[in-house]
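J.: Following this message is one structure expressed as structure tokens.
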Amino acid sequence: MSAGICTGAIVAGWLVDNVEIARQHPVIVALGATAISFLVLVRAFPWTRLLGPLDGSRVTYSVEEFEERSRSRLDGLSRSRWMAVVGIVAVLIALVLFHNTYAHFATDSLGQQGDREWYVYLSWKIGQAIRSGSSIIHLHGMTSPYGYNLLVGDGSLPPVMGGAINVLFGPIVAYNLLLMSATVLGVISGVYLASKLTSRRSIQLVTAIAIATAPVLFVRLQGHLSLTFAYPVTLCVAEAIEIARRDGRVNVRRVACWMFLAFGSSIYLLLISAATLLVAATYRCLRDPRNRVTVAKRFGTAMLIVGILLAPFMFERLRFASAETRAGSFAERSFVIEGETYNADVLSLSLPTFPTLINLPETQRFSRNIVGNSGEGNFSFPGILLLLLGVGGLVAVRRRELKPILYAAIGLWVLTLGPVADVYGSSTLVDPITKARVQWLPFQLLGKLPLLSGLRAPGRLSLGLPAMLGAGLAAALNECAIRKPTWRWKDSRVATPLMITASALLLFNVPTFRPTPVGVSSVAAKQMLTSLKILPGRPGSVLPVPSCQGELTGLEASLQIWHRLDLVGCEGPYLALPFASQMGLYRDSSDLASLRCQPNILGYVQTSFPANHAALSVGLSELRYTFDVRFLLINRSYLVNCPQVQRIVHDLERVYRVIPGDDQWETIDIDSPTNNP
């Protein structure tokens with residue numbers, strides 16, 4: 001069945017790209033390719049030996065009786081085969097989703113400049129630390145001489161995984177493999193979740209694929225690496241189902257482990273997981289008074305273990321936030337300001353905003369109206385299959401363990417709307433006098449809680465919806481499978497069209513993102529960067545110009561992969577850099593201020609320099625002796641918007657040796673003066 005989905009997606013994608021009639025009728029071609037491949041692969045080969053029978057019993061069973069009969073047929077050998085099938089399907093799905101990257105797998109990757117380059121670089125940097133045996137927590141050679149504290153940033157576990165892969169492969173190959181591993185883990189965890197609600201393996205696979213390929217998850221591959229690793233949420237939803245059962249129990253070790261993994265991916269995923277488990281435990285306590293104390297104790301023990309595991313991260317983050325606040329930082333204001341920008345539109349649940357293999361008619365116009373400049377921040381579309389059958393399953397299927405999942409999904413959806421509610425790009429409530437958007441939703445209350453003031457993008461909370469709706473999908477398909485048909489058809493003839501329809505709907509999840517080069521793409525620029533580390537004289541460090549642009553400078557950071565020299569600049573997420581409390585050398589440096597587009601601002605901190613400051617020290621002494629800078633890496637495309645920095649660069653080019661690159665990049669070696677006047 002899953003092989004049919006994969007083959008149908010590949011064939012349909014090729015036809016749409018290369019055949020004119022397929023371009024004109026992509027929906028019909030995609031559905032036909034999927035149906036044919038499904039019939040050929042599923043009906044022609046004995047997959048049922050691995051997947052279990054697709055034809056259910058002719059007798060109508062209750063849910064409990066059906067689950068018991070299904071479990072009794074699983075022995076050790078069949079389980080091992082099933083695990084192998086799940087692994088193979090997970091890899092196949094990843095191969096389908098990343099089919100655009102194979103031609104340039106070592107140079108190109110999905111994503112946009114900025115965040116993507118940062119994660120490629122960070123994974124590579126951790127890999128270099130592992131190779132050298134140095135600390136992977138405090139990374140040196142970046143934001144020189146300060147380095148970067150991995151404990152302060154959000155979502156450290158995926159980059160650490162990427163660092164381990166970097167030990168064996170190149171940085172871009174490792175990053176692509178890391179992205180694919182997120183899909184593989186998503187499929188495996190989806191099967192685990194579905195197994196809590198059904199023993200039909202075909203339903204487990206459909207549910208897992210729907211969760212792992214949900215557009216709201218896959219759109220994060222554009223740059224938010226850590227957020228693509230949402231599989232811990234799926235595991236926590238499965239655990240919440242187990243807790244809410246009449247005879248369920250709180251597995252302390254599993255709950256603690258899944259919660260720690262969720263925090264390792266992102267604080268957003270931890271919040272989603274904790275809220276879901278809390279709702280399930282509360283629901284169980286209210287519905288089962290006899291076991292109320294036991295459930296509360298075990299759940300409290302699990303949360304205590306989670307607190308102990310996360311203590312080093314929490315302590316470091318609290319220390320960082322406290323130091324920044326004492327130093328006069330106003331970074332916490334971003335919670336309110338950006339919460340209105342990166343919230344989910346009310347209608348974004350029902351329509352995608354980026355191109356997929358089969359585009360819906362309203363996609364482009366909808367995207368123009370609600371996305372604007374905030375990109376995928378307000379995107380929450382879970383996919384048609386999850387939206388239709390998932391919501392229907394949570395609402396209509398009468399199973400006790402689904403109730404807390406429904407309540408958690410409703411609460412989560414309200415939070416994704418942020419402090420205001422936008423409908424089709426327009427705010428619902430506007431002050432008639434000031435014309436300002438009225439903040440009336442409960443999201444802003446989260447900013448009052450410790451460690452949560454950095455939740456600047458409420459739309460990211462929608463990452464929990466695929467797992468929750470996946471539970472409803474598994475329950476809905478299970479109900480369809482076990483009920484006796486009213487017509488005289490075999491159950492297999494009912495299951496097959498159902499699975500074909502599910503497979504066809506999943507084609508709406510397959511994106512058409514095009515990969516782009518990471519860092520610099522020209523051979524000349526790479527040769528220039530590579531030559532810096534072998535030039536005679538002292539190694540020195542590299543300073544990108546303009547420096548500290550005021551946004552995530554992932555592009556300049558990724559260039560260190562080629563020149564391998566220490567980097568002076570503001571690499572990394574700005575809310576994780578101690579601009580106010582520690583980086584005094586950066587704030588007080590006249591040379592660095594002259595080479596910034598905005599000398600009076602460093603990150604989110606005001607400096608003592610005026611906005612028109614353009615005075616370099618004699619002989620660039622600050623750069624040489626304070627920061628050990630030898631090379632100024634010039635980005636000409638940025639200089640267009642910084643005329644005063646452009647004038648300084650022109651003066652330096654007449655005095656020092658210029659190492660040419662391409663049309664965008666060049667390097668000035670301030671240790672090599674020329675004889676030019």
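Naming works like this for the structure tokens: A, B, ... for the chains as they're shown, residue 1 at the start of each chain, ligands 1 onward in shown order.
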Which residues, written as a list in words, have at least one atom at most 7 Å from Leu349 (chain A), with only C-alpha atoms counted and residues fewer than 6 positions away on the same chain left out?

T.: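 Once the adjacent positions are removed, what remains is Ser380, Phe381 and Pro382 of chain A.
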
J.: Given the choices A:Ser672, A:Ser608, A:Gly537, A:Val545, which gets closest to Val655 (chain A) if the distance is worked out from only C-alpha atoms?

T.: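 Among the listed residues, the smallest separation from Val655 (chain A) belongs to A:Ser672.
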
J.: Taking 2 positions as the minimum chain separation for residues in the same chain, which residues sit within 6 Å of region 88-97 of chain A when counting only C-alpha atoms? Answer as a PyMOL selection string.

T.: chain A and resi 85-86+99+180+183-184+187

J.: Out of A:Thr428, A:Ser134, A:Leu639, A:Ser581, which residue has the shortest atom-to-atom distance to Cys597 (chain A) when counting only C-alpha atoms?

T.: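 Among A:Thr428, A:Ser134, A:Leu639, A:Ser581, it is A:Leu639 that comes nearest to Cys597 (chain A).
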